[in-house]
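Undergrad: Supplied structure: my_file17.pdb, PDB, C-alpha atoms and all ligand atoms.
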```
ATOM      1  CA  MET A   8    -270.750  48.622 -53.823
ATOM      2  CA  ILE A   9    -267.466  47.204 -55.056
ATOM      3  CA  ASP A  10    -267.005  45.853 -58.576
ATOM      4  CA  LEU A  11    -264.520  43.021 -58.239
ATOM      5  CA  HIS A  12    -264.390  42.091 -61.924
ATOM      6  CA  GLY A  13    -264.260  44.469 -64.895
ATOM      7  CA  HIS A  14    -262.182  45.111 -67.986
ATOM      8  CA  TYR A  15    -261.407  48.742 -67.283
ATOM      9  CA  LEU A  16    -257.665  48.777 -68.011
ATOM     10  CA  PRO A  17    -257.494  50.230 -71.544
ATOM     11  CA  GLY A  18    -255.950  48.690 -74.623
ATOM     12  CA  VAL A  19    -254.983  45.295 -73.260
ATOM     13  CA  ASP A  20    -257.921  42.993 -74.002
ATOM     14  CA  ASP A  21    -261.486  42.976 -75.332
ATOM     15  CA  GLY A  22    -262.516  45.514 -72.668
ATOM     16  CA  ALA A  23    -261.996  49.299 -72.733
ATOM     17  CA  ALA A  24    -260.382  50.059 -76.073
ATOM     18  CA  ASP A  25    -258.713  53.317 -75.077
ATOM     19  CA  TRP A  26    -258.237  55.894 -72.323
ATOM     20  CA  GLU A  27    -261.466  57.798 -73.073
ATOM     21  CA  ARG A  28    -263.552  54.648 -72.951
ATOM     22  CA  SER A  29    -261.965  53.472 -69.700
ATOM     23  CA  LEU A  30    -262.711  56.862 -68.185
ATOM     24  CA  ALA A  31    -266.327  56.694 -69.365
ATOM     25  CA  MET A  32    -266.672  53.255 -67.771
ATOM     26  CA  LEU A  33    -265.248  54.442 -64.448
ATOM     27  CA  ARG A  34    -267.551  57.485 -64.397
ATOM     28  CA  HIS A  35    -270.528  55.292 -65.195
ATOM     29  CA  ALA A  36    -269.606  52.906 -62.383
ATOM     30  CA  GLU A  37    -269.309  55.850 -60.009
ATOM     31  CA  ASN A  38    -272.749  57.138 -61.028
ATOM     32  CA  ASP A  39    -274.181  53.686 -60.420
ATOM     33  CA  GLY A  40    -273.054  53.818 -56.792
ATOM     34  CA  ILE A  41    -269.855  51.797 -57.106
ATOM     35  CA  SER A  42    -267.116  53.100 -54.820
ATOM     36  CA  ALA A  43    -264.232  50.839 -55.866
ATOM     37  CA  VAL A  44    -263.418  48.708 -58.886
ATOM     38  CA  VAL A  45    -260.844  46.022 -59.442
ATOM     39  CA  ALA A  46    -259.612  46.178 -63.038
ATOM     40  CA  THR A  47    -259.151  42.611 -64.175
ATOM     41  CA  PRO A  48    -257.611  42.277 -67.662
ATOM     42  CA  HIS A  49    -257.587  38.861 -69.314
ATOM     43  CA  VAL A  50    -254.269  37.148 -68.684
ATOM     44  CA  PHE A  51    -253.079  33.981 -70.453
ATOM     45  CA  SER A  52    -256.313  33.680 -72.469
ATOM     46  CA  ARG A  53    -256.779  34.403 -76.149
ATOM     47  CA  MET A  54    -258.794  37.479 -75.181
ATOM     48  CA  GLY A  55    -255.672  39.246 -73.926
ATOM     49  CA  THR A  56    -253.517  41.220 -76.318
ATOM     50  CA  VAL A  57    -250.572  41.622 -73.952
ATOM     51  CA  ARG A  58    -248.639  38.400 -74.412
ATOM     52  CA  GLU A  59    -245.758  39.185 -72.097
ATOM     53  CA  ILE A  60    -247.056  39.587 -68.600
ATOM     54  CA  ASP A  61    -244.304  42.094 -67.758
ATOM     55  CA  ALA A  62    -245.757  44.417 -70.400
ATOM     56  CA  LEU A  63    -248.833  44.719 -68.176
ATOM     57  CA  ARG A  64    -246.780  46.540 -65.570
ATOM     58  CA  GLY A  65    -246.132  49.348 -68.052
ATOM     59  CA  CYS A  66    -249.817  49.533 -68.982
ATOM     60  CA  TRP A  67    -250.823  49.767 -65.352
ATOM     61  CA  ALA A  68    -248.236  52.462 -64.522
ATOM     62  CA  LYS A  69    -249.367  54.614 -67.454
ATOM     63  CA  TRP A  70    -253.054  54.244 -66.625
ATOM     64  CA  GLU A  71    -252.606  54.874 -62.906
ATOM     65  CA  ALA A  72    -250.615  58.052 -63.643
ATOM     66  CA  ALA A  73    -253.345  59.267 -66.014
ATOM     67  CA  LEU A  74    -256.078  58.446 -63.475
ATOM     68  CA  ALA A  75    -254.366  60.489 -60.779
ATOM     69  CA  GLY A  76    -255.260  63.719 -62.576
ATOM     70  CA  SER A  77    -258.597  62.660 -64.043
ATOM     71  CA  GLY A  78    -260.996  63.681 -61.289
ATOM     72  CA  VAL A  79    -262.248  60.107 -60.885
ATOM     73  CA  SER A  80    -262.772  59.587 -57.185
ATOM     74  CA  LEU A  81    -263.631  55.896 -56.958
ATOM     75  CA  ARG A  82    -260.832  53.538 -55.956
ATOM     76  CA  VAL A  83    -259.221  51.659 -58.811
ATOM     77  CA  LEU A  84    -257.315  48.554 -57.797
ATOM     78  CA  ARG A  85    -255.182  46.046 -59.627
ATOM     79  CA  GLY A  86    -256.318  42.557 -60.467
ATOM     80  CA  ALA A  87    -256.535  40.135 -63.382
ATOM     81  CA  GLU A  88    -258.779  37.441 -64.812
ATOM     82  CA  VAL A  89    -256.311  34.585 -64.872
ATOM     83  CA  PHE A  90    -256.959  31.821 -67.365
ATOM     84  CA  PHE A  91    -256.106  28.351 -66.116
ATOM     85  CA  THR A  92    -252.598  27.218 -67.027
ATOM     86  CA  THR A  93    -250.657  24.229 -65.757
ATOM     87  CA  ASP A  94    -247.840  26.415 -64.335
ATOM     88  CA  LEU A  95    -250.233  28.802 -62.630
ATOM     89  CA  ILE A  96    -248.815  28.449 -59.133
ATOM     90  CA  SER A  97    -245.304  29.541 -60.101
ATOM     91  CA  LEU A  98    -246.748  32.362 -62.206
ATOM     92  CA  LEU A  99    -248.793  33.542 -59.216
ATOM     93  CA  LYS A 100    -245.736  33.452 -56.973
ATOM     94  CA  ASP A 101    -243.621  35.423 -59.442
ATOM     95  CA  ASN A 102    -246.286  37.985 -60.340
ATOM     96  CA  ARG A 103    -248.471  38.424 -57.278
ATOM     97  CA  ASP A 104    -248.670  42.185 -57.853
ATOM     98  CA  LEU A 105    -250.201  41.668 -61.319
ATOM     99  CA  LEU A 106    -252.253  38.496 -60.978
ATOM    100  CA  THR A 107    -253.903  38.730 -57.573
ATOM    101  CA  ILE A 108    -256.510  41.193 -56.383
ATOM    102  CA  ASN A 109    -254.844  44.221 -54.806
ATOM    103  CA  ASN A 110    -251.597  42.301 -54.360
ATOM    104  CA  GLY A 111    -253.201  39.918 -51.878
ATOM    105  CA  SER A 112    -254.091  36.216 -51.724
ATOM    106  CA  TYR A 113    -257.270  36.139 -53.808
ATOM    107  CA  PHE A 114    -257.300  35.872 -57.597
ATOM    108  CA  LEU A 115    -259.923  35.459 -60.322
ATOM    109  CA  LEU A 116    -259.601  32.074 -62.025
ATOM    110  CA  GLU A 117    -261.154  31.649 -65.462
ATOM    111  CA  TYR A 118    -262.027  28.263 -66.952
ATOM    112  CA  PRO A 119    -262.832  27.590 -70.616
ATOM    113  CA  PRO A 120    -266.538  28.078 -71.364
ATOM    114  CA  ASP A 121    -267.211  24.413 -72.073
ATOM    115  CA  TYR A 122    -265.796  22.442 -69.197
ATOM    116  CA  ILE A 123    -264.040  22.321 -65.826
ATOM    117  CA  TYR A 124    -260.658  20.607 -65.997
ATOM    118  CA  ALA A 125    -260.362  17.177 -64.429
ATOM    119  CA  HIS A 126    -258.458  17.244 -61.129
ATOM    120  CA  SER A 127    -259.610  20.808 -60.452
ATOM    121  CA  ARG A 128    -260.329  19.906 -56.851
ATOM    122  CA  GLU A 129    -256.747  18.729 -56.318
ATOM    123  CA  PHE A 130    -255.496  21.851 -58.097
ATOM    124  CA  ILE A 131    -257.504  24.051 -55.735
ATOM    125  CA  TYR A 132    -256.020  22.271 -52.728
ATOM    126  CA  GLN A 133    -252.532  22.901 -54.132
ATOM    127  CA  VAL A 134    -253.237  26.579 -54.791
ATOM    128  CA  LEU A 135    -254.615  27.029 -51.269
ATOM    129  CA  THR A 136    -251.589  25.306 -49.783
ATOM    130  CA  GLU A 137    -249.411  27.878 -51.542
ATOM    131  CA  GLY A 138    -251.401  30.701 -49.939
ATOM    132  CA  PHE A 139    -253.595  31.728 -52.881
ATOM    133  CA  ILE A 140    -257.410  31.674 -52.912
ATOM    134  CA  PRO A 141    -259.111  31.159 -56.276
ATOM    135  CA  ILE A 142    -262.368  32.927 -57.126
ATOM    136  CA  ILE A 143    -263.946  31.151 -60.094
ATOM    137  CA  SER A 144    -265.087  33.853 -62.478
ATOM    138  CA  HIS A 145    -268.632  33.759 -63.899
ATOM    139  CA  ALA A 146    -269.067  30.071 -63.040
ATOM    140  CA  GLU A 147    -272.675  30.257 -64.247
ATOM    141  CA  ARG A 148    -271.458  30.690 -67.841
ATOM    142  CA  ASN A 149    -269.576  27.378 -67.808
ATOM    143  CA  ALA A 150    -271.456  24.640 -69.685
ATOM    144  CA  GLU A 151    -270.407  21.911 -67.271
ATOM    145  CA  VAL A 152    -271.595  23.903 -64.256
ATOM    146  CA  GLN A 153    -274.849  24.627 -66.103
ATOM    147  CA  ARG A 154    -275.371  20.897 -66.604
ATOM    148  CA  SER A 155    -274.412  20.079 -63.038
ATOM    149  CA  PRO A 156    -274.055  22.750 -60.320
ATOM    150  CA  ALA A 157    -272.720  19.915 -58.141
ATOM    151  CA  VAL A 158    -269.414  20.267 -60.035
ATOM    152  CA  LEU A 159    -269.069  23.794 -58.655
ATOM    153  CA  ARG A 160    -270.222  22.660 -55.242
ATOM    154  CA  GLU A 161    -267.229  20.320 -55.037
ATOM    155  CA  LEU A 162    -264.840  23.163 -55.888
ATOM    156  CA  VAL A 163    -266.439  25.485 -53.338
ATOM    157  CA  LYS A 164    -266.267  22.750 -50.708
ATOM    158  CA  ALA A 165    -262.572  22.428 -51.563
ATOM    159  CA  GLY A 166    -262.083  26.126 -50.758
ATOM    160  CA  ALA A 167    -262.690  28.056 -53.974
ATOM    161  CA  LEU A 168    -265.027  31.049 -54.094
ATOM    162  CA  CYS A 169    -267.550  31.761 -56.838
ATOM    163  CA  GLN A 170    -268.159  35.042 -58.665
ATOM    164  CA  LEU A 171    -271.358  35.574 -60.626
ATOM    165  CA  ASN A 172    -271.843  38.083 -63.454
ATOM    166  CA  ALA A 173    -274.661  40.470 -62.600
ATOM    167  CA  GLY A 174    -275.784  40.390 -66.231
ATOM    168  CA  SER A 175    -276.310  36.640 -66.102
ATOM    169  CA  LEU A 176    -279.117  37.127 -63.584
ATOM    170  CA  ARG A 177    -281.154  39.095 -66.126
ATOM    171  CA  GLY A 178    -280.340  36.869 -69.112
ATOM    172  CA  ASP A 179    -277.554  38.885 -70.789
ATOM    173  CA  PHE A 180    -275.682  35.645 -71.519
ATOM    174  CA  GLY A 181    -278.641  33.502 -72.516
ATOM    175  CA  HIS A 182    -281.230  31.318 -70.888
ATOM    176  CA  ALA A 183    -278.899  28.598 -69.593
ATOM    177  CA  ALA A 184    -276.603  31.098 -67.850
ATOM    178  CA  ARG A 185    -279.592  32.871 -66.293
ATOM    179  CA  GLU A 186    -281.095  29.633 -64.993
ATOM    180  CA  CYS A 187    -277.733  28.560 -63.655
ATOM    181  CA  ALA A 188    -277.041  31.938 -62.009
ATOM    182  CA  HIS A 189    -280.303  31.796 -60.057
ATOM    183  CA  GLU A 190    -279.700  28.144 -59.224
ATOM    184  CA  LEU A 191    -276.244  28.919 -57.806
ATOM    185  CA  VAL A 192    -277.695  31.683 -55.615
ATOM    186  CA  HIS A 193    -280.363  29.269 -54.399
ATOM    187  CA  ALA A 194    -277.708  26.626 -53.680
ATOM    188  CA  ASN A 195    -275.692  29.167 -51.639
ATOM    189  CA  LEU A 196    -272.683  28.725 -53.908
ATOM    190  CA  VAL A 197    -272.175  32.427 -54.706
ATOM    191  CA  HIS A 198    -269.777  34.736 -52.882
ATOM    192  CA  VAL A 199    -269.445  37.756 -55.151
ATOM    193  CA  ILE A 200    -271.588  39.405 -57.839
ATOM    194  CA  ALA A 201    -269.626  41.680 -60.171
ATOM    195  CA  SER A 202    -270.211  43.431 -63.489
ATOM    196  CA  ASP A 203    -267.496  41.877 -65.693
ATOM    197  CA  ALA A 204    -267.929  45.137 -67.614
ATOM    198  CA  HIS A 205    -266.252  45.397 -71.001
ATOM    199  CA  ASP A 206    -267.626  48.587 -72.507
ATOM    200  CA  MET A 207    -270.402  51.178 -72.466
ATOM    201  CA  GLU A 208    -272.565  49.335 -74.945
ATOM    202  CA  GLY A 209    -273.682  45.799 -74.063
ATOM    203  CA  ARG A 210    -271.601  45.079 -70.976
ATOM    204  CA  ARG A 211    -271.678  48.179 -68.831
ATOM    205  CA  PRO A 212    -270.290  48.659 -65.317
ATOM    206  CA  GLU A 213    -273.523  48.529 -63.322
ATOM    207  CA  LEU A 214    -274.556  46.660 -60.190
ATOM    208  CA  SER A 215    -277.448  48.697 -58.771
ATOM    209  CA  TYR A 216    -280.054  46.588 -60.618
ATOM    210  CA  VAL A 217    -279.027  43.357 -58.863
ATOM    211  CA  PRO A 218    -281.332  43.500 -55.769
ATOM    212  CA  ALA A 219    -284.447  43.783 -57.969
ATOM    213  CA  LEU A 220    -283.452  40.555 -59.742
ATOM    214  CA  LEU A 221    -283.163  38.630 -56.486
ATOM    215  CA  PRO A 222    -286.368  39.486 -54.614
ATOM    216  CA  GLN A 223    -286.233  36.218 -52.680
ATOM    217  CA  VAL A 224    -282.787  37.027 -51.254
ATOM    218  CA  GLY A 225    -282.557  39.315 -48.229
ATOM    219  CA  MET A 226    -280.708  42.626 -48.499
ATOM    220  CA  GLU A 227    -278.211  41.473 -45.883
ATOM    221  CA  LYS A 228    -277.049  38.674 -48.188
ATOM    222  CA  ILE A 229    -277.064  40.902 -51.259
ATOM    223  CA  ASP A 230    -274.899  43.417 -49.387
ATOM    224  CA  LEU A 231    -272.424  40.607 -48.797
ATOM    225  CA  TYR A 232    -272.322  39.765 -52.519
ATOM    226  CA  LEU A 233    -271.896  43.368 -53.648
ATOM    227  CA  ASP A 234    -269.893  44.869 -50.825
ATOM    228  CA  GLY A 235    -269.042  42.869 -47.678
ATOM    229  CA  ILE A 236    -267.232  39.958 -49.312
ATOM    230  CA  PRO A 237    -265.510  42.024 -52.045
ATOM    231  CA  ALA A 238    -264.313  44.423 -49.306
ATOM    232  CA  ALA A 239    -262.789  41.528 -47.356
ATOM    233  CA  ILE A 240    -261.136  40.239 -50.526
ATOM    234  CA  ILE A 241    -259.602  43.627 -51.318
ATOM    235  CA  ALA A 242    -258.357  43.887 -47.732
ATOM    236  CA  ASP A 243    -256.945  40.350 -48.028
ATOM    237  CA  GLU A 244    -258.939  39.228 -45.015
ATOM    238  CA  GLY A 245    -261.090  36.161 -44.356
ATOM    239  CA  ILE A 246    -264.537  36.545 -45.896
ATOM    240  CA  PRO A 247    -267.750  36.751 -43.864
ATOM    241  CA  ASP A 248    -269.433  33.368 -43.397
ATOM    242  CA  ILE A 249    -272.309  32.732 -45.812
ATOM    243  CA  GLY A 250    -273.162  29.289 -44.468
ATOM    244  CA  GLU A 251    -272.977  25.887 -46.084
ATOM    245  CA  PRO A 252    -273.894  25.143 -49.698
ATOM    246  CA  VAL A 253    -277.282  23.499 -50.060
ATOM    247  CA  GLN A 254    -278.180  20.753 -52.482
ATOM    248  CA  PRO A 255    -278.813  22.173 -55.960
ATOM    249  CA  ARG A 256    -282.374  21.777 -57.174
ATOM    250  CA  ALA A 257    -283.084  19.057 -59.677
ATOM    251  CA  ALA A 258    -284.560  20.025 -63.018
ATOM    252  CA  ARG A 259    -288.167  20.888 -62.216
ATOM    253  CA  SER A 260    -289.877  19.159 -65.119
ATOM    254  CA  ILE A 261    -289.390  17.482 -68.461
ATOM    255  CA  PHE A 262    -290.213  20.877 -69.976
ATOM    256  CA  ASP A 263    -287.306  22.497 -68.109
ATOM    257  CA  LEU A 264    -284.940  19.799 -69.317
ATOM    258  CA  PHE A 265    -286.135  20.359 -72.870
ATOM    259  CA  ARG A 266    -285.617  24.134 -72.551
ATOM    260  CA  LYS A 267    -282.127  23.642 -71.117
ATOM    261  CA  HIS A 268    -281.116  21.542 -74.104
ATOM    262  CA  ARG A 269    -282.401  24.098 -76.548
ATOM    263  CA  SER A 270    -280.643  27.115 -74.992
TER     264      SER A 270
HETATM  265 FE    FE B   1    -264.039  39.030 -67.425
END
```
Can you turn what I pasted into structure tokens?
Ligand SMILES: [Fe+2]
TA:
Amino acid sequence: MIDLHGHYLPGVDDGAADWERSLAMLRHAENDGISAVVATPHVFSRMGTVREIDALRGCWAKWEAALAGSGVSLRVLRGAEVFFTTDLISLLKDNRDLLTINNGSYFLLEYPPDYIYAHSREFIYQVLTEGFIPIISHAERNAEVQRSPAVLRELVKAGALCQLNAGSLRGDFGHAARECAHELVHANLVHVIASDAHDMEGRRPELSYVPALLPQVGMEKIDLYLDGIPAAIIADEGIPDIGEPVQPRAARSIFDLFRKHRS
């Protein structure tokens, strides 16, 4: 398995606080059967502590040097969780080595938790035209996507990919995120499932529990989510075809609607 989204890089955001904790997270991931992780610190969001993006280069160099002698054998690759900004395209062009996954074309795009910006479809077209491919991080946690998965469907049809947090599938982020996560899988709108690990307490780097949470999904598809598609992304290749999105389910009953409003 490959973990495409995790806050392993120490001391830069609300993820691993220091070197020891980052090491513990990597060892835990390794024990869980993860063979490669992409460390994706928050960039441009209030969760990041490194305000100057160039400062990240120093953090990476120090961590990579320390990792070389640590005995950790899983692959650790560079990435970022890039918060939406209006000048994102020029920032991506100037800092590909820091903002994209493994210095390639794909990058994790984070939206605010409450909404998807207007004109996002046009923005995605622009980004694609410039040679970058956005992967919308934990789309199931976005309130607008929870209200209407069709919003995400439009972005995926435009060419964006969708990453789901494994923890959302078991309810780590509440009822609405869990319902939405399963709905997005059903609607064939998911490309990657990753841990979005932050620590060794509540948000640990684990993926091995995912198949048990999706008994209705075949192992072939789950392998794509956890390995095949992330591997193609890291290699900067086209991703395997998962087929067309299907129409999201409507709310199943008045009771479901009521529960959605309460969560
Ligand atoms: Fe994250």
Undergrad: Could you pull the residues within 12 Å of Ala43 in chain A, counting all atoms listed in the file, minus those fewer than 3 positions along the same chain, as number ranges by chain?
TA: A: 8-13, 15, 33-34, 36-40, 46, 79-85, 109, 201, 212, 214, 233-234, 237-238, 241
Undergrad: Counting only C-alpha atoms and all ligand atoms, what are the residues, protein, DNA or RNA alike, that approach ligand FE 1 (chain B) to within 8 Å? I want them as a compact mmCIF listing (two decimals) with C-alpha atoms, in the frame of the given file.
TA:
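So the final result, stored in selection-v8.txt, reads:
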```
# COMPACT_ATOMS: atom_id res chain seq x y z
CA HIS A 12 -264.39 42.09 -61.92
CA GLY A 13 -264.26 44.47 -64.90
CA HIS A 14 -262.18 45.11 -67.99
CA THR A 47 -259.15 42.61 -64.18
CA PRO A 48 -257.61 42.28 -67.66
CA HIS A 49 -257.59 38.86 -69.31
CA GLU A 88 -258.78 37.44 -64.81
CA SER A 144 -265.09 33.85 -62.48
CA HIS A 145 -268.63 33.76 -63.90
CA ASP A 203 -267.50 41.88 -65.69
CA ALA A 204 -267.93 45.14 -67.61
CA HIS A 205 -266.25 45.40 -71.00
```
Undergrad: Could you tell me, as a ChimeraX atom specification, exactly which residues end up selected when the PyMOL selection byres (((chain A and resi 52) around 12) and not hetatm) is applied to this structure?
TA: /A:19-21,48-51,53-60,87-92,116-120
Undergrad: Taking only C-alpha atoms into account, name the residue in A:Val217, A:Ala23, A:Ile142, A:Ile96 that is nearest to Ile240 in chain A.
TA: A:Ile142
Undergrad: Leaving out Pro247 in chain A and any residue of its chain fewer than 5 positions from it, which residues lie within 9 Å of it when counting all atoms listed in the file, given as a list of chain:residue names?
TA: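 Once the adjacent positions are removed, what remains is A:Leu231, A:Gly235, A:Ile236, A:Ala239.
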Undergrad: Can you list what the PyMOL selection byres (((chain A and resi 100) around 12) and not hetatm) grabs from this structure, as a list in words?
TA: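 Checked against the file, the PyMOL selection byres (((chain A and resi 100) around 12) and not hetatm) matches Asp94, Leu95, Ile96, Ser97, Leu98, Leu99, Asp101, Asn102, Arg103, Asp104, Leu105, Leu106, Thr107, Asn110, Gly111, Ser112, Phe114, Val134, Glu137, Gly138 and Phe139 of chain A.
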Undergrad: The selected residues should be written to file as a PDB file, keeping the file's coordinate frame (atoms: C-alpha atoms).
TA:
```
ATOM      1  CA  ASP A  94    -247.840  26.415 -64.335  1.00  0.00           C
ATOM      2  CA  LEU A  95    -250.233  28.802 -62.630  1.00  0.00           C
ATOM      3  CA  ILE A  96    -248.815  28.449 -59.133  1.00  0.00           C
ATOM      4  CA  SER A  97    -245.304  29.541 -60.101  1.00  0.00           C
ATOM      5  CA  LEU A  98    -246.748  32.362 -62.206  1.00  0.00           C
ATOM      6  CA  LEU A  99    -248.793  33.542 -59.216  1.00  0.00           C
ATOM      7  CA  ASP A 101    -243.621  35.423 -59.442  1.00  0.00           C
ATOM      8  CA  ASN A 102    -246.286  37.985 -60.340  1.00  0.00           C
ATOM      9  CA  ARG A 103    -248.471  38.424 -57.278  1.00  0.00           C
ATOM     10  CA  ASP A 104    -248.670  42.185 -57.853  1.00  0.00           C
ATOM     11  CA  LEU A 105    -250.201  41.668 -61.319  1.00  0.00           C
ATOM     12  CA  LEU A 106    -252.253  38.496 -60.978  1.00  0.00           C
ATOM     13  CA  THR A 107    -253.903  38.730 -57.573  1.00  0.00           C
ATOM     14  CA  ASN A 110    -251.597  42.301 -54.360  1.00  0.00           C
ATOM     15  CA  GLY A 111    -253.201  39.918 -51.878  1.00  0.00           C
ATOM     16  CA  SER A 112    -254.091  36.216 -51.724  1.00  0.00           C
ATOM     17  CA  PHE A 114    -257.300  35.872 -57.597  1.00  0.00           C
ATOM     18  CA  VAL A 134    -253.237  26.579 -54.791  1.00  0.00           C
ATOM     19  CA  GLU A 137    -249.411  27.878 -51.542  1.00  0.00           C
ATOM     20  CA  GLY A 138    -251.401  30.701 -49.939  1.00  0.00           C
ATOM     21  CA  PHE A 139    -253.595  31.728 -52.881  1.00  0.00           C
TER      22      PHE A 139
END
```
Undergrad: Just so the selection is clear, what residues does the PyMOL selection byres (((chain A and resi 168) around 10) and not hetatm) cover here, as a ChimeraX atom specification?
TA: /A:113-116,140-144,146,159-160,162-167,169-170,196-199,246
Undergrad: Mind listing as a VMD selection string all residues within 12 Å of (-284.8, 35.7, -66.7), counting all atoms listed in the file?
TA: chain A and resid 173 to 190 219 to 221
Undergrad: Would you save the residues of that selection, restricted to C-alpha atoms, as a compact mmCIF listing (two decimals), in the frame of the given file?
TA:
```txt
# COMPACT_ATOMS: atom_id res chain seq x y z
CA ALA A 173 -274.66 40.47 -62.60
CA GLY A 174 -275.78 40.39 -66.23
CA SER A 175 -276.31 36.64 -66.10
CA LEU A 176 -279.12 37.13 -63.58
CA ARG A 177 -281.15 39.10 -66.13
CA GLY A 178 -280.34 36.87 -69.11
CA ASP A 179 -277.55 38.88 -70.79
CA PHE A 180 -275.68 35.65 -71.52
CA GLY A 181 -278.64 33.50 -72.52
CA HIS A 182 -281.23 31.32 -70.89
CA ALA A 183 -278.90 28.60 -69.59
CA ALA A 184 -276.60 31.10 -67.85
CA ARG A 185 -279.59 32.87 -66.29
CA GLU A 186 -281.10 29.63 -64.99
CA CYS A 187 -277.73 28.56 -63.66
CA ALA A 188 -277.04 31.94 -62.01
CA HIS A 189 -280.30 31.80 -60.06
CA GLU A 190 -279.70 28.14 -59.22
CA ALA A 219 -284.45 43.78 -57.97
CA LEU A 220 -283.45 40.56 -59.74
CA LEU A 221 -283.16 38.63 -56.49
```
Undergrad: Mind listing as a ChimeraX atom specification all residues within 7 Å of (-268.3, 24.2, -67.8), counting only C-alpha atoms?
TA: /A:120-123,149-153
